[in-house]
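What follows is the content of my_file.csv (CSV, C-alpha atoms and all ligand atoms).
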```csv
chain,number,residue,atom,x,y,z
A,226,MET,CA,184.8,290.6,125.4
A,227,SER,CA,183.1,287.4,126.6
A,228,VAL,CA,183.5,285.1,129.5
A,229,LYS,CA,184.7,281.6,128.7
A,230,GLU,CA,184.9,278.5,130.9
A,231,GLN,CA,188.3,276.9,130.8
A,232,MET,CA,189.9,273.9,132.4
A,233,GLY,CA,192.3,274.4,135.3
A,234,TYR,CA,194.7,272.3,137.4
A,235,ALA,CA,195.1,272.2,141.1
A,236,LEU,CA,196.9,269.6,143.3
A,237,VAL,CA,195.2,268.2,146.4
A,238,CYS,CA,197.1,266.4,149.2
A,239,ASP,CA,196.5,262.6,149.2
A,240,PHE,CA,197.1,262.2,152.9
A,241,PRO,CA,193.8,260.8,154.4
A,242,GLY,CA,191.6,263.6,155.7
A,243,CYS,CA,193.9,266.5,154.6
A,244,GLY,CA,192.4,268.2,151.5
A,245,THR,CA,195.1,270.9,151.3
A,246,SER,CA,195.3,272.1,147.7
A,247,THR,CA,197.5,274.4,145.6
A,248,SER,CA,194.7,277.0,146.0
A,249,ASP,CA,195.6,277.2,149.7
A,250,LEU,CA,199.2,278.1,148.9
A,251,GLY,CA,199.0,281.3,147.1
A,252,ASP,CA,197.0,283.7,144.9
A,253,TYR,CA,195.8,281.2,142.3
A,254,ALA,CA,193.1,278.6,142.7
A,255,PHE,CA,193.9,276.8,139.4
A,256,TRP,CA,196.6,276.8,136.7
A,257,GLY,CA,196.0,276.4,133.0
A,258,ASP,CA,199.2,274.3,132.8
A,259,ILE,CA,199.6,271.3,135.1
A,260,SER,CA,203.4,271.8,135.4
A,261,ALA,CA,202.8,275.3,136.8
A,262,ALA,CA,200.6,273.8,139.5
A,263,VAL,CA,203.3,271.1,140.3
A,264,ASP,CA,206.0,273.8,140.5
A,265,GLU,CA,203.9,275.8,142.9
A,266,TRP,CA,203.3,272.6,145.0
A,267,ASN,CA,207.1,271.8,145.0
A,268,ASP,CA,208.0,275.4,145.8
A,269,ALA,CA,205.8,275.1,148.9
A,270,GLN,CA,207.9,272.0,149.8
A,271,GLY,CA,205.2,269.5,149.0
A,272,TYR,CA,205.8,266.2,147.2
A,273,SER,CA,204.4,265.4,143.8
A,274,GLY,CA,205.5,262.2,142.1
A,275,ASP,CA,204.9,258.5,141.7
A,276,LEU,CA,203.6,258.1,145.3
A,277,GLY,CA,201.0,260.9,144.8
A,278,ASP,CA,200.7,264.5,146.0
A,279,TYR,CA,201.4,265.4,149.5
A,280,CYS,CA,201.4,268.9,151.1
A,281,TYR,CA,204.2,270.3,153.2
A,282,GLU,CA,202.6,269.2,156.5
A,283,HIS,CA,202.3,265.6,155.2
A,284,THR,CA,205.9,265.2,153.9
A,285,VAL,CA,209.1,264.6,155.7
A,286,TRP,CA,212.8,264.9,154.8
A,287,SER,CA,214.0,261.7,153.3
A,288,ALA,CA,217.5,261.7,154.9
A,289,MET,CA,218.1,261.3,158.6
A,290,ASP,CA,221.3,263.4,158.2
A,291,GLU,CA,220.7,267.1,157.5
A,292,ASP,CA,223.9,267.4,155.5
A,293,ASP,CA,222.9,264.7,153.1
A,294,GLU,CA,222.7,266.2,149.6
A,295,ASP,CA,220.0,263.7,148.4
A,296,ASP,CA,217.7,265.0,151.0
A,297,GLU,CA,214.2,265.6,149.6
A,298,ARG,CA,210.6,265.9,150.8
A,299,VAL,CA,208.9,262.5,150.7
A,300,PRO,CA,205.3,261.5,151.7
A,301,MET,CA,204.7,260.9,155.4
A,302,LEU,CA,203.6,257.4,156.2
A,303,TYR,CA,200.1,256.9,157.5
A,304,THR,CA,201.1,255.5,160.9
A,305,ILE,CA,199.9,256.0,164.4
A,306,GLU,CA,203.2,257.6,165.3
A,307,ASN,CA,202.9,260.1,162.5
A,308,LEU,CA,199.3,260.8,163.4
A,309,LEU,CA,200.3,261.6,166.9
A,310,VAL,CA,203.1,263.9,165.7
A,311,LEU,CA,200.5,265.7,163.6
A,312,ALA,CA,198.1,265.9,166.5
A,313,GLU,CA,200.8,267.3,168.8
A,314,ARG,CA,201.8,269.9,166.1
A,315,ARG,CA,198.2,271.0,165.7
A,316,ILE,CA,197.6,271.2,169.5
A,317,ARG,CA,200.8,273.3,169.8
A,318,GLU,CA,199.7,275.7,167.1
A,319,ARG,CA,196.3,276.1,168.7
A,320,ILE,CA,198.0,276.9,172.1
A,321,ASP,CA,200.2,279.4,170.4
A,322,VAL,CA,197.3,281.1,168.7
A,323,SER,CA,195.2,281.2,171.9
A,324,THR,CA,198.2,282.6,173.8
A,325,ARG,CA,198.7,285.3,171.2
A,326,TYR,CA,195.0,286.3,171.3
A,327,ALA,CA,195.0,286.3,175.1
A,328,MET,CA,198.1,288.6,175.2
A,329,LEU,CA,196.5,290.9,172.6
A,330,ARG,CA,193.2,291.1,174.6
A,331,HIS,CA,195.2,291.7,177.8
A,332,GLU,CA,197.2,294.5,176.2
A,333,ARG,CA,193.9,296.1,175.0
A,334,ARG,CA,192.3,295.8,178.4
A,335,CYS,CA,195.4,297.4,180.1
A,336,GLU,CA,195.3,300.3,177.5
A,337,ALA,CA,191.6,300.8,178.2
A,338,MET,CA,192.2,300.8,181.9
A,339,ARG,CA,195.0,303.3,181.6
A,340,MET,CA,192.8,305.6,179.5
A,341,ARG,CA,189.9,305.3,182.1
A,342,ASP,CA,192.4,306.1,184.9
A,343,THR,CA,193.7,309.2,183.1
A,344,SER,CA,190.2,310.6,182.4
A,345,ARG,CA,189.1,309.9,186.0
A,346,ALA,CA,192.2,311.6,187.3
A,347,ARG,CA,191.5,314.7,185.1
A,348,ARG,CA,187.8,314.8,186.3
A,349,VAL,CA,189.0,314.7,189.9
A,350,GLU,CA,192.0,317.1,189.6
A,351,ARG,CA,190.1,320.0,188.1
A,352,PRO,CA,187.6,320.5,190.9
A,353,LEU,CA,190.4,320.1,193.4
A,354,ARG,CA,192.5,322.7,191.7
A,355,ASP,CA,189.5,325.1,191.6
A,356,LEU,CA,188.8,324.5,195.3
A,357,ALA,CA,192.5,325.1,196.2
A,358,GLU,CA,192.5,328.3,194.2
A,359,ARG,CA,189.3,329.5,196.0
A,360,MET,CA,190.9,328.7,199.4
A,361,VAL,CA,194.1,330.6,198.6
A,362,ARG,CA,192.3,333.8,197.5
A,363,PRO,CA,191.1,336.0,200.3
B,401,ZN,ZN,198.3,267.3,153.5
```
Can the structure from this file be put into structure tokens for me?
Ligand SMILES: [Zn+2]
Amino acid sequence: MSVKEQMGYALVCDFPGCGTSTSDLGDYAFWGDISAAVDEWNDAQGYSGDLGDYCYEHTVWSAMDEDDEDDERVPMLYTIENLLVLAERRIRERIDVSTRYAMLRHERRCEAMRMRDTSRARRVERPLRDLAERMVRP
């Protein structure tokens, strides 16, 4: 057996500043066959065609009407409005992640406090019980 270097294909998003590639989508970094890389890209609802390659985040549905059967993912235009939409989306995601982490930390802290309270109560109850027993006995 020997190790051989081979060519591979990966698609990278053409939206300025993005850099998302097929290797971000799944288990494979590269495909030996370009059509397999394009299929993976399209399965992730990206666009690959005459206008270039655009990841899911940088594509939009072509039709305004959801019931339109010709609806397909098309590249998002590089406009101020779209950049603001992306910025808002990113800020919303950051807030969601921060909120989830804060809730998780809060739950862990509450659990730690409950365990401390339980062990404190046990430490206090035993001597009290012993004392009570000693007082009852003649
Ligand atoms: Zn992109």
Counting all atoms listed in the file, what are the residues of chain A within 7 Å of ligand ZN 401 (chain B), and for each of them which pair of atoms is the nearest and at what distance in Å, to one decimal? Sort the table by chain and rising number, as CSV.
```
residue,atom,partner,partner_atom,distance
A:Cys238,CA,B:ZN401,ZN,4.6
A:Asp239,CA,B:ZN401,ZN,6.6
A:Phe240,CA,B:ZN401,ZN,5.3
A:Cys243,CA,B:ZN401,ZN,4.6
A:Gly244,CA,B:ZN401,ZN,6.3
A:Thr245,CA,B:ZN401,ZN,5.3
A:Tyr279,CA,B:ZN401,ZN,5.4
A:Cys280,CA,B:ZN401,ZN,4.2
A:Tyr281,CA,B:ZN401,ZN,6.6
A:Glu282,CA,B:ZN401,ZN,5.6
A:His283,CA,B:ZN401,ZN,4.7
```
* To do: Identify, on the basis of all atoms listed in the file, every residue whose closest approach to A:Met232 does not exceed 9 Å; exclude the query and any residue fewer than 2 positions from it along the same chain; express the result as a PyMOL selection string.
  => chain A and resi 230+234+255-257
* **Atomic separation - atom CA of A:Gly271 relative to atom CA of A:Thr284, Å** => 6.6 Å
* To do: Kindly extract all protein, DNA and RNA residues lying within 12 Å of the coordinates (205.2, 259.3, 157.4) given in the file, considering only C-alpha atoms, and supply them as a list in words.
  =>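 Here is the list of nearby residues: Phe240, Pro241, Tyr279, Tyr281, Glu282, His283, Thr284, Val285, Trp286, Ser287, Arg298, Val299, Pro300, Met301, Leu302, Tyr303, Thr304, Ile305, Glu306, Asn307, Leu308, Leu309, Val310 and Leu311 of chain A.
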* Asked: For the atom pair atom CA of A:Ala288 and atom CA of A:Leu276, what is the interatomic distance in Å to one decimal place?
  -> 17.3 Å
* For A:Thr247, work out the shell of residues within 12 Å, counting all atoms listed in the file and skipping chain neighbours fewer than 4 positions away, then give it as a PyMOL selection string. => chain A and resi 233-238+251-256+259+261-273+278-281
Please dump the current selection as a PDB file, in the frame of the given file; keep C-alpha atoms.
```
ATOM      1  CA  GLY A 233     192.300 274.400 135.300  1.00  0.00           C
ATOM      2  CA  TYR A 234     194.700 272.300 137.400  1.00  0.00           C
ATOM      3  CA  ALA A 235     195.100 272.200 141.100  1.00  0.00           C
ATOM      4  CA  LEU A 236     196.900 269.600 143.300  1.00  0.00           C
ATOM      5  CA  VAL A 237     195.200 268.200 146.400  1.00  0.00           C
ATOM      6  CA  CYS A 238     197.100 266.400 149.200  1.00  0.00           C
ATOM      7  CA  GLY A 251     199.000 281.300 147.100  1.00  0.00           C
ATOM      8  CA  ASP A 252     197.000 283.700 144.900  1.00  0.00           C
ATOM      9  CA  TYR A 253     195.800 281.200 142.300  1.00  0.00           C
ATOM     10  CA  ALA A 254     193.100 278.600 142.700  1.00  0.00           C
ATOM     11  CA  PHE A 255     193.900 276.800 139.400  1.00  0.00           C
ATOM     12  CA  TRP A 256     196.600 276.800 136.700  1.00  0.00           C
ATOM     13  CA  ILE A 259     199.600 271.300 135.100  1.00  0.00           C
ATOM     14  CA  ALA A 261     202.800 275.300 136.800  1.00  0.00           C
ATOM     15  CA  ALA A 262     200.600 273.800 139.500  1.00  0.00           C
ATOM     16  CA  VAL A 263     203.300 271.100 140.300  1.00  0.00           C
ATOM     17  CA  ASP A 264     206.000 273.800 140.500  1.00  0.00           C
ATOM     18  CA  GLU A 265     203.900 275.800 142.900  1.00  0.00           C
ATOM     19  CA  TRP A 266     203.300 272.600 145.000  1.00  0.00           C
ATOM     20  CA  ASN A 267     207.100 271.800 145.000  1.00  0.00           C
ATOM     21  CA  ASP A 268     208.000 275.400 145.800  1.00  0.00           C
ATOM     22  CA  ALA A 269     205.800 275.100 148.900  1.00  0.00           C
ATOM     23  CA  GLN A 270     207.900 272.000 149.800  1.00  0.00           C
ATOM     24  CA  GLY A 271     205.200 269.500 149.000  1.00  0.00           C
ATOM     25  CA  TYR A 272     205.800 266.200 147.200  1.00  0.00           C
ATOM     26  CA  SER A 273     204.400 265.400 143.800  1.00  0.00           C
ATOM     27  CA  ASP A 278     200.700 264.500 146.000  1.00  0.00           C
ATOM     28  CA  TYR A 279     201.400 265.400 149.500  1.00  0.00           C
ATOM     29  CA  CYS A 280     201.400 268.900 151.100  1.00  0.00           C
ATOM     30  CA  TYR A 281     204.200 270.300 153.200  1.00  0.00           C
TER      31      TYR A 281
END
```
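Taking atom CA of A:Ala346 and atom CA of A:Arg334 as the two end points, the separation is 18.1 Å.
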Keeping N, CA, C and O atoms (and nothing else), can you write stretch 325-362 of chain A of this structure as an mmCIF file, in the first residue's frame?
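Produced file result_37.cif, reproduced below:
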```cif
data_model
loop_
_atom_site.group_PDB
_atom_site.id
_atom_site.type_symbol
_atom_site.label_atom_id
_atom_site.label_comp_id
_atom_site.auth_asym_id
_atom_site.auth_seq_id
_atom_site.Cartn_x
_atom_site.Cartn_y
_atom_site.Cartn_z
ATOM 1 N N ARG A 325 -28.560 30.714 25.282
ATOM 2 C CA ARG A 325 -28.521 29.287 25.610
ATOM 3 C C ARG A 325 -27.394 28.977 26.598
ATOM 4 O O ARG A 325 -27.586 28.226 27.546
ATOM 5 N N TYR A 326 -26.204 29.569 26.374
ATOM 6 C CA TYR A 326 -25.079 29.346 27.293
ATOM 7 C C TYR A 326 -25.396 29.882 28.678
ATOM 8 O O TYR A 326 -25.109 29.239 29.681
ATOM 9 N N ALA A 327 -26.009 31.057 28.731
ATOM 10 C CA ALA A 327 -26.350 31.657 30.018
ATOM 11 C C ALA A 327 -27.349 30.771 30.768
ATOM 12 O O ALA A 327 -27.217 30.559 31.975
ATOM 13 N N MET A 328 -28.343 30.226 30.046
ATOM 14 C CA MET A 328 -29.332 29.341 30.673
ATOM 15 C C MET A 328 -28.658 28.082 31.203
ATOM 16 O O MET A 328 -28.959 27.613 32.295
ATOM 17 N N LEU A 329 -27.742 27.551 30.414
ATOM 18 C CA LEU A 329 -27.018 26.339 30.818
ATOM 19 C C LEU A 329 -26.188 26.602 32.073
ATOM 20 O O LEU A 329 -26.211 25.831 33.030
ATOM 21 N N ARG A 330 -25.454 27.734 32.065
ATOM 22 C CA ARG A 330 -24.638 28.091 33.234
ATOM 23 C C ARG A 330 -25.524 28.290 34.460
ATOM 24 O O ARG A 330 -25.180 27.863 35.546
ATOM 25 N N HIS A 331 -26.674 28.928 34.256
ATOM 26 C CA HIS A 331 -27.610 29.175 35.343
ATOM 27 C C HIS A 331 -28.105 27.852 35.936
ATOM 28 O O HIS A 331 -28.120 27.673 37.148
ATOM 29 N N GLU A 332 -28.483 26.908 35.057
ATOM 30 C CA GLU A 332 -28.967 25.604 35.527
ATOM 31 C C GLU A 332 -27.889 24.882 36.322
ATOM 32 O O GLU A 332 -28.167 24.298 37.364
ATOM 33 N N ARG A 333 -26.638 24.925 35.821
ATOM 34 C CA ARG A 333 -25.532 24.260 36.534
ATOM 35 C C ARG A 333 -25.304 24.893 37.897
ATOM 36 O O ARG A 333 -25.064 24.203 38.880
ATOM 37 N N ARG A 334 -25.373 26.221 37.954
ATOM 38 C CA ARG A 334 -25.177 26.921 39.217
ATOM 39 C C ARG A 334 -26.280 26.553 40.213
ATOM 40 O O ARG A 334 -26.008 26.326 41.393
ATOM 41 N N CYS A 335 -27.521 26.503 39.722
ATOM 42 C CA CYS A 335 -28.648 26.127 40.580
ATOM 43 C C CYS A 335 -28.459 24.715 41.113
ATOM 44 O O CYS A 335 -28.690 24.457 42.297
ATOM 45 N N GLU A 336 -28.022 23.790 40.250
ATOM 46 C CA GLU A 336 -27.804 22.405 40.654
ATOM 47 C C GLU A 336 -26.695 22.340 41.714
ATOM 48 O O GLU A 336 -26.836 21.645 42.723
ATOM 49 N N ALA A 337 -25.610 23.095 41.501
ATOM 50 C CA ALA A 337 -24.507 23.107 42.476
ATOM 51 C C ALA A 337 -24.993 23.660 43.821
ATOM 52 O O ALA A 337 -24.629 23.136 44.877
ATOM 53 N N MET A 338 -25.824 24.704 43.777
ATOM 54 C CA MET A 338 -26.354 25.278 45.017
ATOM 55 C C MET A 338 -27.262 24.291 45.744
ATOM 56 O O MET A 338 -27.197 24.161 46.965
ATOM 57 N N ARG A 339 -28.086 23.570 44.973
ATOM 58 C CA ARG A 339 -28.977 22.558 45.575
ATOM 59 C C ARG A 339 -28.151 21.479 46.274
ATOM 60 O O ARG A 339 -28.460 21.073 47.390
ATOM 61 N N MET A 340 -27.060 21.042 45.614
ATOM 62 C CA MET A 340 -26.233 19.994 46.211
ATOM 63 C C MET A 340 -25.534 20.508 47.469
ATOM 64 O O MET A 340 -25.427 19.788 48.458
ATOM 65 N N ARG A 341 -25.077 21.766 47.433
ATOM 66 C CA ARG A 341 -24.431 22.351 48.623
ATOM 67 C C ARG A 341 -25.423 22.445 49.777
ATOM 68 O O ARG A 341 -25.104 22.100 50.909
ATOM 69 N N ASP A 342 -26.641 22.885 49.450
ATOM 70 C CA ASP A 342 -27.681 23.002 50.489
ATOM 71 C C ASP A 342 -27.986 21.645 51.111
ATOM 72 O O ASP A 342 -28.134 21.528 52.326
ATOM 73 N N THR A 343 -28.078 20.614 50.259
ATOM 74 C CA THR A 343 -28.384 19.272 50.755
ATOM 75 C C THR A 343 -27.290 18.786 51.694
ATOM 76 O O THR A 343 -27.578 18.276 52.782
ATOM 77 N N SER A 344 -26.026 18.977 51.301
ATOM 78 C CA SER A 344 -24.951 18.472 52.157
ATOM 79 C C SER A 344 -24.840 19.308 53.438
ATOM 80 O O SER A 344 -24.557 18.780 54.504
ATOM 81 N N ARG A 345 -25.127 20.606 53.346
ATOM 82 C CA ARG A 345 -25.131 21.445 54.551
ATOM 83 C C ARG A 345 -26.223 20.984 55.517
ATOM 84 O O ARG A 345 -25.997 20.865 56.707
ATOM 85 N N ALA A 346 -27.399 20.724 54.969
ATOM 86 C CA ALA A 346 -28.524 20.283 55.794
ATOM 87 C C ALA A 346 -28.175 18.974 56.502
ATOM 88 O O ALA A 346 -28.461 18.801 57.682
ATOM 89 N N ARG A 347 -27.519 18.051 55.752
ATOM 90 C CA ARG A 347 -27.136 16.767 56.365
ATOM 91 C C ARG A 347 -26.139 16.987 57.494
ATOM 92 O O ARG A 347 -26.227 16.343 58.532
ATOM 93 N N ARG A 348 -25.173 17.892 57.261
ATOM 94 C CA ARG A 348 -24.153 18.147 58.290
ATOM 95 C C ARG A 348 -24.769 18.711 59.566
ATOM 96 O O ARG A 348 -24.302 18.426 60.657
ATOM 97 N N VAL A 349 -25.814 19.517 59.397
ATOM 98 C CA VAL A 349 -26.453 20.155 60.554
ATOM 99 C C VAL A 349 -27.430 19.192 61.228
ATOM 100 O O VAL A 349 -27.502 19.130 62.450
ATOM 101 N N GLU A 350 -28.164 18.434 60.432
ATOM 102 C CA GLU A 350 -29.208 17.569 60.995
ATOM 103 C C GLU A 350 -28.644 16.475 61.893
ATOM 104 O O GLU A 350 -29.230 16.167 62.931
ATOM 105 N N ARG A 351 -27.528 15.858 61.522
ATOM 106 C CA ARG A 351 -26.987 14.742 62.312
ATOM 107 C C ARG A 351 -26.664 15.156 63.750
ATOM 108 O O ARG A 351 -27.155 14.515 64.679
ATOM 109 N N PRO A 352 -25.868 16.216 63.984
ATOM 110 C CA PRO A 352 -25.585 16.598 65.366
ATOM 111 C C PRO A 352 -26.860 16.972 66.133
ATOM 112 O O PRO A 352 -26.986 16.670 67.319
ATOM 113 N N LEU A 353 -27.823 17.571 65.432
ATOM 114 C CA LEU A 353 -29.074 17.926 66.101
ATOM 115 C C LEU A 353 -29.831 16.676 66.542
ATOM 116 O O LEU A 353 -30.378 16.619 67.646
ATOM 117 N N ARG A 354 -29.844 15.659 65.655
ATOM 118 C CA ARG A 354 -30.525 14.411 65.976
ATOM 119 C C ARG A 354 -29.852 13.744 67.191
ATOM 120 O O ARG A 354 -30.509 13.292 68.121
ATOM 121 N N ASP A 355 -28.504 13.730 67.135
ATOM 122 C CA ASP A 355 -27.766 13.125 68.251
ATOM 123 C C ASP A 355 -28.068 13.851 69.554
ATOM 124 O O ASP A 355 -28.282 13.225 70.591
ATOM 125 N N LEU A 356 -28.100 15.162 69.477
ATOM 126 C CA LEU A 356 -28.372 15.968 70.666
ATOM 127 C C LEU A 356 -29.766 15.686 71.217
ATOM 128 O O LEU A 356 -29.952 15.503 72.415
ATOM 129 N N ALA A 357 -30.724 15.610 70.269
ATOM 130 C CA ALA A 357 -32.113 15.340 70.680
ATOM 131 C C ALA A 357 -32.209 13.975 71.350
ATOM 132 O O ALA A 357 -32.886 13.831 72.372
ATOM 133 N N GLU A 358 -31.510 12.972 70.780
ATOM 134 C CA GLU A 358 -31.554 11.636 71.385
ATOM 135 C C GLU A 358 -30.964 11.638 72.788
ATOM 136 O O GLU A 358 -31.472 11.017 73.702
ATOM 137 N N ARG A 359 -29.858 12.369 72.970
ATOM 138 C CA ARG A 359 -29.214 12.438 74.276
ATOM 139 C C ARG A 359 -30.133 13.103 75.307
ATOM 140 O O ARG A 359 -30.147 12.729 76.478
ATOM 141 N N MET A 360 -30.905 14.106 74.868
ATOM 142 C CA MET A 360 -31.791 14.824 75.797
ATOM 143 C C MET A 360 -32.995 13.981 76.199
ATOM 144 O O MET A 360 -33.497 14.089 77.280
ATOM 145 N N VAL A 361 -33.444 13.108 75.282
ATOM 146 C CA VAL A 361 -34.614 12.262 75.565
ATOM 147 C C VAL A 361 -34.260 11.198 76.581
ATOM 148 O O VAL A 361 -35.009 10.924 77.507
ATOM 149 N N ARG A 362 -33.021 10.592 76.390
ATOM 150 C CA ARG A 362 -32.614 9.519 77.323
ATOM 151 C C ARG A 362 -32.407 10.070 78.727
ATOM 152 O O ARG A 362 -31.893 11.167 78.902
#
```
